[in-house]
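Raw my_file_38.cif, mmCIF, C-alpha atoms and all ligand atoms:
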data_coords
loop_
_atom_site.label_atom_id
_atom_site.label_comp_id
_atom_site.auth_asym_id
_atom_site.auth_seq_id
_atom_site.Cartn_x
_atom_site.Cartn_y
_atom_site.Cartn_z
CA MET B 1 82.69 0.43 108.97
CA GLN B 2 83.71 -2.76 110.72
CA ILE B 3 84.20 -2.22 114.45
CA PRO B 4 85.80 -5.18 116.24
CA SER B 5 84.61 -5.81 119.77
CA ILE B 6 87.02 -5.48 122.67
CA LEU B 7 87.53 -8.73 124.59
CA LEU B 8 86.32 -8.51 128.17
CA LEU B 9 87.67 -9.71 131.51
CA GLY B 10 86.98 -13.42 131.81
CA ASN B 11 87.74 -14.14 128.15
CA PRO B 12 90.68 -16.59 128.31
CA GLN B 13 92.21 -15.09 125.19
CA LEU B 14 93.24 -12.03 127.22
CA ARG B 15 95.54 -14.37 129.21
CA ILE B 16 97.57 -15.62 126.24
CA ILE B 17 101.11 -14.34 125.65
CA SER B 18 101.24 -12.59 122.28
CA GLU B 19 103.79 -13.42 119.58
CA ALA B 20 106.61 -11.14 118.51
CA VAL B 21 106.07 -9.48 115.14
CA LYS B 22 108.42 -10.46 112.30
CA LYS B 23 109.75 -7.80 109.99
CA GLU B 24 108.14 -9.32 106.88
CA GLU B 25 104.71 -9.31 108.58
CA CYS B 26 104.66 -5.55 109.03
CA SER B 27 103.20 -4.74 105.63
CA THR B 28 100.09 -6.80 106.45
CA PHE B 29 99.26 -4.89 109.63
CA LYS B 30 97.56 -1.78 108.26
CA PRO B 31 94.05 -3.33 108.62
CA ILE B 32 94.86 -4.42 112.19
CA ILE B 33 95.87 -0.88 113.11
CA GLN B 34 92.65 0.40 111.56
CA ASP B 35 90.71 -2.14 113.66
CA LEU B 36 92.52 -1.06 116.83
CA HIS B 37 91.77 2.57 116.01
CA ASN B 38 88.10 1.88 115.33
CA ALA B 39 87.66 -0.23 118.46
CA MET B 40 89.26 2.45 120.63
CA MET B 41 87.33 5.34 119.09
CA ASN B 42 84.11 3.40 119.55
CA PHE B 43 84.97 2.86 123.20
CA ARG B 44 85.95 6.51 123.59
CA GLU B 45 82.66 7.66 122.16
CA LYS B 46 80.77 5.58 124.70
CA TYR B 47 82.94 6.07 127.81
CA LYS B 48 84.76 9.37 127.10
CA ARG B 49 88.13 7.79 127.91
CA GLY B 50 90.69 5.37 126.47
CA ARG B 51 94.09 6.42 125.16
CA ALA B 52 95.70 3.17 124.04
CA ILE B 53 94.88 -0.42 123.15
CA ALA B 54 96.83 -3.65 122.78
CA ALA B 55 96.29 -5.96 119.78
CA PRO B 56 95.30 -8.95 121.95
CA GLN B 57 92.35 -6.90 123.25
CA ILE B 58 90.72 -7.38 119.84
CA GLY B 59 91.91 -10.97 119.58
CA VAL B 60 95.05 -10.34 117.50
CA MET B 61 97.78 -12.16 119.40
CA LYS B 62 100.70 -10.03 118.21
CA ARG B 63 103.01 -7.72 120.15
CA ILE B 64 101.48 -4.48 118.85
CA LEU B 65 100.23 -1.47 120.82
CA TYR B 66 98.30 1.46 119.44
CA MET B 67 98.11 4.79 121.22
CA HIS B 68 96.15 7.83 120.17
CA THR B 69 96.44 10.92 122.32
CA ASP B 70 97.23 13.95 120.17
CA LYS B 71 98.33 11.74 117.26
CA PRO B 72 98.35 8.02 116.44
CA ILE B 73 101.40 5.93 117.20
CA VAL B 74 102.10 2.23 116.74
CA PHE B 75 104.50 0.33 118.99
CA ILE B 76 105.78 -2.93 117.50
CA ASN B 77 107.59 -5.46 119.73
CA PRO B 78 107.94 -3.01 122.63
CA SER B 79 110.27 -3.85 125.49
CA PHE B 80 111.45 -2.09 128.61
CA GLU B 81 115.16 -1.41 128.71
CA TRP B 82 114.91 0.08 132.17
CA LYS B 83 112.34 0.57 134.91
CA SER B 84 112.83 2.99 137.78
CA PRO B 85 113.07 1.47 141.25
CA GLU B 86 110.64 4.19 142.37
CA MET B 87 107.05 3.03 142.24
CA VAL B 88 103.79 5.00 142.25
CA GLU B 89 100.31 3.92 143.26
CA LEU B 90 97.41 4.91 141.04
CA TRP B 91 93.84 3.97 140.16
CA ASP B 92 93.92 2.29 136.78
CA ASP B 93 91.20 1.32 134.33
CA CYS B 94 91.00 -0.84 131.22
CA MET B 95 88.82 -1.09 128.13
CA SER B 96 88.49 -4.82 128.87
CA PHE B 97 86.66 -4.03 132.14
CA PRO B 98 85.15 -0.60 131.63
CA GLU B 99 83.10 -0.58 134.83
CA LEU B 100 86.06 -1.23 137.11
CA LEU B 101 88.83 0.79 138.74
CA VAL B 102 91.89 -0.95 140.22
CA LYS B 103 94.55 0.50 142.45
CA VAL B 104 97.93 -0.69 141.13
CA LYS B 105 101.62 0.02 141.58
CA ARG B 106 103.66 1.03 138.55
CA HIS B 107 107.22 2.13 137.94
CA GLU B 108 107.44 5.90 138.01
CA ALA B 109 109.68 6.03 134.93
CA VAL B 110 110.62 3.56 132.20
CA LYS B 111 112.77 3.38 129.10
CA LEU B 112 110.76 1.76 126.30
CA SER B 113 112.21 0.53 123.03
CA PHE B 114 110.03 -0.46 120.07
CA LYS B 115 109.96 -0.68 116.29
CA ASP B 116 107.82 1.25 113.86
CA PHE B 117 106.32 0.12 110.54
CA GLU B 118 109.59 0.84 108.75
CA TRP B 119 111.30 -1.41 111.29
CA GLN B 120 113.21 1.53 112.70
CA ASN B 121 114.12 1.28 116.35
CA HIS B 122 112.96 3.92 118.83
CA VAL B 123 113.79 4.43 122.47
CA TRP B 124 111.55 6.61 124.60
CA ASP B 125 112.08 7.80 128.13
CA LEU B 126 108.68 7.93 129.76
CA THR B 127 107.49 9.37 133.04
CA GLY B 128 104.12 10.11 134.60
CA ASP B 129 100.93 9.26 132.69
CA LEU B 130 102.66 7.84 129.63
CA SER B 131 104.92 5.64 131.70
CA GLU B 132 101.91 4.16 133.51
CA LEU B 133 99.90 3.81 130.31
CA LEU B 134 102.59 1.92 128.42
CA GLN B 135 103.24 -0.39 131.38
CA HIS B 136 99.52 -1.18 131.39
CA GLU B 137 99.42 -1.84 127.64
CA TYR B 138 102.63 -3.85 127.66
CA ASP B 139 101.15 -6.15 130.32
CA HIS B 140 98.38 -7.10 127.86
CA LEU B 141 101.03 -8.58 125.55
CA ASP B 142 102.01 -10.95 128.35
CA GLY B 143 98.43 -11.82 129.26
CA ILE B 144 98.58 -9.73 132.45
CA LEU B 145 95.67 -7.50 133.44
CA ALA B 146 95.53 -4.57 135.84
CA VAL B 147 93.35 -6.61 138.22
CA ASP B 148 96.33 -8.96 138.67
CA ARG B 149 98.31 -6.02 140.02
CA ALA B 150 95.74 -4.89 142.58
CA VAL B 151 97.70 -3.50 145.53
CA ASP B 152 95.50 -5.09 148.20
CA ASN B 153 91.96 -6.33 148.84
CA LYS B 154 90.64 -2.76 148.95
CA SER B 155 91.97 -1.95 145.50
CA LEU B 156 88.84 -2.60 143.44
CA ALA B 157 85.97 -0.18 142.93
CA LEU B 158 83.21 0.29 140.43
CA TYR B 159 83.57 3.32 138.19
CA SER B 160 80.13 4.49 139.25
CA GLN B 161 81.46 4.80 142.83
CA LYS B 162 84.48 6.91 141.99
CA GLU B 163 83.23 9.80 144.14
CA TYR B 164 84.49 7.72 147.11
CA ILE B 165 87.97 7.27 145.69
CA ASP B 166 90.89 9.41 146.73
CA PHE B 167 92.79 9.96 143.47
CA SER B 168 95.53 12.03 145.09
CA ARG B 169 98.95 10.43 145.28
ZN ZN S 1 93.87 -2.57 129.40
#
Could you write out this structure as structure tokens?
Amino acid sequence: MQIPSILLLGNPQLRIISEAVKKEECSTFKPIIQDLHNAMMNFREKYKRGRAIAAPQIGVMKRILYMHTDKPIVFINPSFEWKSPEMVELWDDCMSFPELLVKVKRHEAVKLSFKDFEWQNHVWDLTGDLSELLQHEYDHLDGILAVDRAVDNKSLALYSQKEYIDFSR
């Protein structure tokens, strides 16, 4: 089984804005989704975490997200139709810098629209964990990383030091 490597912080490709997917391209994306799945499962096996991945993280510069919590779901050309004015602070992590935790601010709730493989439109209202997760993944499509959203100069910590972090909100 071919397992693509996940690009790591410092790789300039993570900073490139990904291209929108065209309808006629969709049929060619099955292998990309398999690659995203394999890369994430490989990461999960090693680190025991990781719920979603963005195509640019494996060097595919297309606006595709893949999430696998209880079941797999593909988000094509996602966009936010609404973001709550209320923000929350949380410690975030990323498969592109697995040793690092970053305290960021995210919108508490968002309305996300996206297309599926059949080019059907979906609109999801997201709050809590999923809202934060999809904001994180969406940022990858614009070349933005969680470290860019660090709240202040005390917002970085190594994962190995997480016993010192206050995760309460
Ligand atoms: Zn990430």
Expected answer as a PyMOL selection string: residues within 9 Å of ligand ZN 1 (chain S), all atoms listed in the file: chain B and resi 52-54+57+92-97+133+136-137+139-140+145-146
For B:Lys115: contacts at 8 Å, all atoms listed in the file, fewer than 5 positions along chain excluded, given as number ranges by chain: B: 75-78, 120-122
Atomic separation - atom CA of B:Ile33 relative to atom CA of B:Phe80, Å: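 We find that atom CA of B:Phe80 and atom CA of B:Ile33 lie 22.0 Å from each other.
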Exercise: residues within 7 Å of coordinate (105.5, -1.0, 136.9), counting only C-alpha atoms, as a list in words: Met87, Lys105, Arg106, His107 and Gln135 of chain B
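Note that atom CA of B:Met1 and atom CA of B:Trp119 are 28.8 Å apart.
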Separation of atom CA of B:Glu108 from atom CA of B:Gly10 in Å: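 Calculated distance between atom CA of B:Gly10 and atom CA of B:Glu108 is 28.8 Å.
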Of the listed residues B:Leu36, B:Val104, B:Ile144, B:Leu90, that which approaches B:Arg15 most closely, counting all atoms listed in the file: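 For B:Arg15, the nearest of the candidates is B:Ile144.
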Among listed residues B:Phe117, B:Leu14, B:Pro98, B:Glu86, nearest B:Lys48 (using only C-alpha atoms):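 The shortest atom-to-atom distance to B:Lys48 comes from B:Pro98.
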Using all atoms listed in the file: which of B:Glu24, B:Asp116, B:Asp70, B:Glu99 has the shortest distance to B:Ala157: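 Of the candidates, the smallest distance to B:Ala157 is held by B:Glu99.
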B:Trp91 surroundings by all atoms listed in the file, 7 Å radius, close-in-sequence under 5 positions cut, as a ChimeraX atom specification: /B:101-104,167
Closest-contact table, stretch 114-141 of chain B side, partner stretch 64-68 of chain B, 9 Å, counting only C-alpha atoms, as a tab-separated table:
residue	atom	partner	partner_atom	distance
B:Leu134	CA	B:Leu65	CA	8.6
B:Glu137	CA	B:Leu65	CA	6.9
B:Tyr138	CA	B:Leu65	CA	7.6
B:Leu141	CA	B:Ile64	CA	7.9
Please produce a file of those selected residues containing C-alpha atoms, as a PDB file, keeping the file's coordinate frame.
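Result file result_28.pdb:
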ATOM      1  CA  LEU B 134     102.590   1.920 128.420  1.00  0.00           C
ATOM      2  CA  GLU B 137      99.420  -1.840 127.640  1.00  0.00           C
ATOM      3  CA  TYR B 138     102.630  -3.850 127.660  1.00  0.00           C
ATOM      4  CA  LEU B 141     101.030  -8.580 125.550  1.00  0.00           C
TER       5      LEU B 141
END
Nearest residue to B:Arg63 from the set B:Ala39, B:Val151, B:Leu9, B:Cys26 (distances using all atoms listed in the file): B:Cys26
So that I can see what lies close to B:Leu126, please list as a PDB file with C-alpha atoms, in the coordinates of the input the residues with an atom at most 10 Å from it, counting only C-alpha atoms and leaving out residues fewer than 5 positions away in the same chain.
ATOM      1  CA  LYS B  83     112.340   0.570 134.910  1.00  0.00           C
ATOM      2  CA  GLU B 108     107.440   5.900 138.010  1.00  0.00           C
ATOM      3  CA  ALA B 109     109.680   6.030 134.930  1.00  0.00           C
ATOM      4  CA  VAL B 110     110.620   3.560 132.200  1.00  0.00           C
ATOM      5  CA  LYS B 111     112.770   3.380 129.100  1.00  0.00           C
ATOM      6  CA  LEU B 112     110.760   1.760 126.300  1.00  0.00           C
ATOM      7  CA  SER B 131     104.920   5.640 131.700  1.00  0.00           C
ATOM      8  CA  GLU B 132     101.910   4.160 133.510  1.00  0.00           C
ATOM      9  CA  LEU B 133      99.900   3.810 130.310  1.00  0.00           C
ATOM     10  CA  LEU B 134     102.590   1.920 128.420  1.00  0.00           C
TER      11      LEU B 134
END
Please determine an axis-aligned box that encloses all atoms of stretch 21-24 of chain B listed in the file, with 8 Å added on each side, and express its centre and edge lengths in Å to one decimal as lines of an AutoDock Vina configuration file.
center_x = 107.9
center_y = -9.1
center_z = 111.0
size_x = 19.7
size_y = 18.7
size_z = 24.3
Incomplete stretch 69-80 of chain B filled out to N, CA and C atoms as a PDB file, in the coordinates of the input:
ATOM      1  N   THR B  69      96.734   9.796 121.448  1.00  0.00           N
ATOM      2  CA  THR B  69      96.440  10.920 122.320  1.00  0.00           C
ATOM      3  C   THR B  69      96.286  12.130 121.405  1.00  0.00           C
ATOM      4  N   ASP B  70      97.358  12.868 121.150  1.00  0.00           N
ATOM      5  CA  ASP B  70      97.230  13.950 120.170  1.00  0.00           C
ATOM      6  C   ASP B  70      97.429  13.452 118.736  1.00  0.00           C
ATOM      7  N   LYS B  71      98.194  12.368 118.586  1.00  0.00           N
ATOM      8  CA  LYS B  71      98.330  11.740 117.260  1.00  0.00           C
ATOM      9  C   LYS B  71      98.503  10.230 117.418  1.00  0.00           C
ATOM     10  N   PRO B  72      98.241   9.480 116.334  1.00  0.00           N
ATOM     11  CA  PRO B  72      98.350   8.020 116.440  1.00  0.00           C
ATOM     12  C   PRO B  72      99.798   7.554 116.429  1.00  0.00           C
ATOM     13  N   ILE B  73     100.075   6.537 117.233  1.00  0.00           N
ATOM     14  CA  ILE B  73     101.400   5.930 117.200  1.00  0.00           C
ATOM     15  C   ILE B  73     101.295   4.426 117.424  1.00  0.00           C
ATOM     16  N   VAL B  74     102.103   3.685 116.653  1.00  0.00           N
ATOM     17  CA  VAL B  74     102.100   2.230 116.740  1.00  0.00           C
ATOM     18  C   VAL B  74     103.416   1.768 117.350  1.00  0.00           C
ATOM     19  N   PHE B  75     103.314   0.894 118.337  1.00  0.00           N
ATOM     20  CA  PHE B  75     104.500   0.330 118.990  1.00  0.00           C
ATOM     21  C   PHE B  75     104.556  -1.154 118.603  1.00  0.00           C
ATOM     22  N   ILE B  76     105.617  -1.531 117.890  1.00  0.00           N
ATOM     23  CA  ILE B  76     105.780  -2.930 117.500  1.00  0.00           C
ATOM     24  C   ILE B  76     106.891  -3.554 118.351  1.00  0.00           C
ATOM     25  N   ASN B  77     106.642  -4.734 118.858  1.00  0.00           N
ATOM     26  CA  ASN B  77     107.590  -5.460 119.730  1.00  0.00           C
ATOM     27  C   ASN B  77     108.197  -4.560 120.815  1.00  0.00           C
ATOM     28  N   PRO B  78     107.379  -3.871 121.589  1.00  0.00           N
ATOM     29  CA  PRO B  78     107.940  -3.010 122.630  1.00  0.00           C
ATOM     30  C   PRO B  78     108.642  -3.826 123.704  1.00  0.00           C
ATOM     31  N   SER B  79     109.662  -3.222 124.302  1.00  0.00           N
ATOM     32  CA  SER B  79     110.270  -3.850 125.490  1.00  0.00           C
ATOM     33  C   SER B  79     110.851  -2.767 126.379  1.00  0.00           C
ATOM     34  N   PHE B  80     110.910  -3.057 127.658  1.00  0.00           N
ATOM     35  CA  PHE B  80     111.450  -2.090 128.610  1.00  0.00           C
ATOM     36  C   PHE B  80     112.935  -2.327 128.785  1.00  0.00           C
TER      37      PHE B  80
END
